[in-house]
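A.B. asks: Structure in structure tokens, see below.
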Amino acid sequence: MAQVSIGDSEFDRDTAVTRREEGVYDAELSAGWTIIQAVNGGYLLALIGRALGDALPHSDPFSVSAHYVTASRPGPAVIRTQTVRSGRTLSTGQASLFQYAEDGTEVERIRVLASYGDLDALSDDVRTTAEPPSIPPIEHCLGSDDGPAPIPGSSAITDRLMLKLDPATCGWAVGAPSGKGEMRAWFGLSDGRDADPLSLLLTVDALPPTAFELGLKGWVPTVELTTHIRCRPAPGPLRVSIVTRNLAGGFLEEDAEVWDSADRLVAQSRQLALAPRG
């Protein structure tokens, strides 16, 4: 059995997996990445992403699509991977994360299909109309210490993040939501660990839900999340912008962009989530 991890940060320790046998990895879902006792979907995606990076011939996630089947909880888990195809520049794999029911049977939590490659081998040619989000300087943005006191045990993940929200998108925190489905923030890990392709899988799902700025309260569980990693991020804080344009039938989408300190678009995602009823 071999542990698969890189670095000594809390994120690295908590996304470590242990190879039990070919294609099978044991993991421990940490309570430190929970929101109202539910394990954060981006953290889970990063953990599965680490297992796939070990199982596949290529180590960098390019496109990762996850369907969240049942809610995960802190505790033991097993990840089962399968190589679908191995090519010269891309490898495709799938993985499922399971936890154990009281009777010992495995319950599937997440199913993932992903393409991996080598980000360092990509062309430098960039043609885009996308622009970095307009966010005030980090010292003029708001962190968790600037708002009302959180409910004890409601969001352990906030202690592990450096999250500074654009004041224009956090009216919800003082009971005055803007009515716009937008959330923008400076982002990093609280222990100073620089971003990498694996942590970007966390980043796209780590901000407060845009539903809060629509005036809704409560849990916003992810149904499906697809993330594209575009390049390896430069050191320094990231800027994240998330927008919801359509809430209908009890579901909403969130489109996220992640920009690095070199003004490059390093990750994009779209997720479908259940809207809160409140």
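Just remember, in the structure tokens the first chain shown is A, the second B, etc., residues are 1-based per chain, and ligands are 1-based in the order shown.
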Excluding Gly143 of chain A and any residue of its chain fewer than 2 positions from it, enumerate the residues within 10 Å of it, using only C-alpha atoms, and give them as a CSV table (one decimal) with N, CA and C atoms, in the first residue's frame.
C.D. replies:
chain,number,residue,atom,x,y,z
A,138,ILE,N,-7.5,43.6,-2.4
A,138,ILE,CA,-7.8,42.5,-1.4
A,138,ILE,C,-8.0,43.2,0.0
A,139,GLU,N,-7.3,44.3,0.2
A,139,GLU,CA,-7.5,44.9,1.6
A,139,GLU,C,-8.8,45.6,1.7
A,140,HIS,N,-9.5,45.8,0.6
A,140,HIS,CA,-10.8,46.5,0.7
A,140,HIS,C,-12.0,45.5,0.6
A,141,CYS,N,-11.6,44.2,0.5
A,141,CYS,CA,-12.6,43.2,0.5
A,141,CYS,C,-12.9,42.6,1.9
A,145,ASP,N,-14.2,37.3,9.2
A,145,ASP,CA,-14.2,38.1,10.5
A,145,ASP,C,-14.9,39.4,10.4
A,146,ASP,N,-15.3,39.8,9.2
A,146,ASP,CA,-15.9,41.1,9.0
A,146,ASP,C,-17.4,41.1,9.0
A,147,GLY,N,-18.0,39.9,9.1
A,147,GLY,CA,-19.4,39.7,9.1
A,147,GLY,C,-20.0,39.3,10.4
A,158,THR,N,-14.4,27.3,6.2
A,158,THR,CA,-14.0,28.7,6.1
A,158,THR,C,-12.6,28.9,6.9
A,161,LEU,N,-9.6,28.5,4.4
A,161,LEU,CA,-9.6,29.3,3.2
A,161,LEU,C,-9.2,30.7,3.5
A,162,MET,N,-8.5,31.4,2.6
A,162,MET,CA,-8.3,32.8,2.6
A,162,MET,C,-9.3,33.3,1.6
A,163,LEU,N,-10.4,33.8,2.1
A,163,LEU,CA,-11.5,34.2,1.2
A,163,LEU,C,-11.9,35.7,1.5
A,164,LYS,N,-11.7,36.5,0.5
A,164,LYS,CA,-12.0,37.9,0.7
A,164,LYS,C,-13.1,38.3,-0.4
A,165,LEU,N,-14.3,38.6,0.0
A,165,LEU,CA,-15.4,38.8,-0.9
A,165,LEU,C,-15.5,40.3,-1.3
A,166,ASP,N,-15.8,40.5,-2.6
A,166,ASP,CA,-16.1,41.8,-3.1
A,166,ASP,C,-17.3,42.3,-2.3
A,167,PRO,N,-17.2,43.5,-1.7
A,167,PRO,CA,-18.3,44.0,-0.9
A,167,PRO,C,-19.6,44.1,-1.7
A,185,ALA,N,-14.6,37.1,-5.4
A,185,ALA,CA,-13.7,37.0,-4.3
A,185,ALA,C,-12.2,36.8,-4.7
A,186,TRP,N,-11.3,37.3,-3.8
A,186,TRP,CA,-10.0,36.8,-3.8
A,186,TRP,C,-9.9,35.5,-3.0
A.B. asks: Skipping near chain neighbours, those fewer than 2 positions away, what residues fall within 8 Å of Asp60 of chain A using only C-alpha atoms, listed as number ranges by chain?
C.D. replies: A: 53, 58, 62, 116-119, 197-198
A.B. asks: Report, in Å with one decimal, the straight-line distance from atom CA of Ala168 of chain A to atom CA of Gln37 of chain A.
C.D. replies: 28.4 Å
A.B. asks: Identify which of the residues A:Pro57, A:Pro74, A:Gly188, A:Pro221 lies closest to Gly250 of chain A, counting only C-alpha atoms when measuring atom-to-atom distances.
C.D. replies: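 Checking each of A:Pro57, A:Pro74, A:Gly188, A:Pro221 against Gly250 of chain A, counting only C-alpha atoms, the winner is A:Pro221.
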A.B. asks: Work out how far apart atom CA of Val17 of chain A and atom CA of Val4 of chain A are and give it in Å to one decimal.
C.D. replies: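 Straight-line distance from atom CA of Val17 of chain A to atom CA of Val4 of chain A works out to 5.2 Å.
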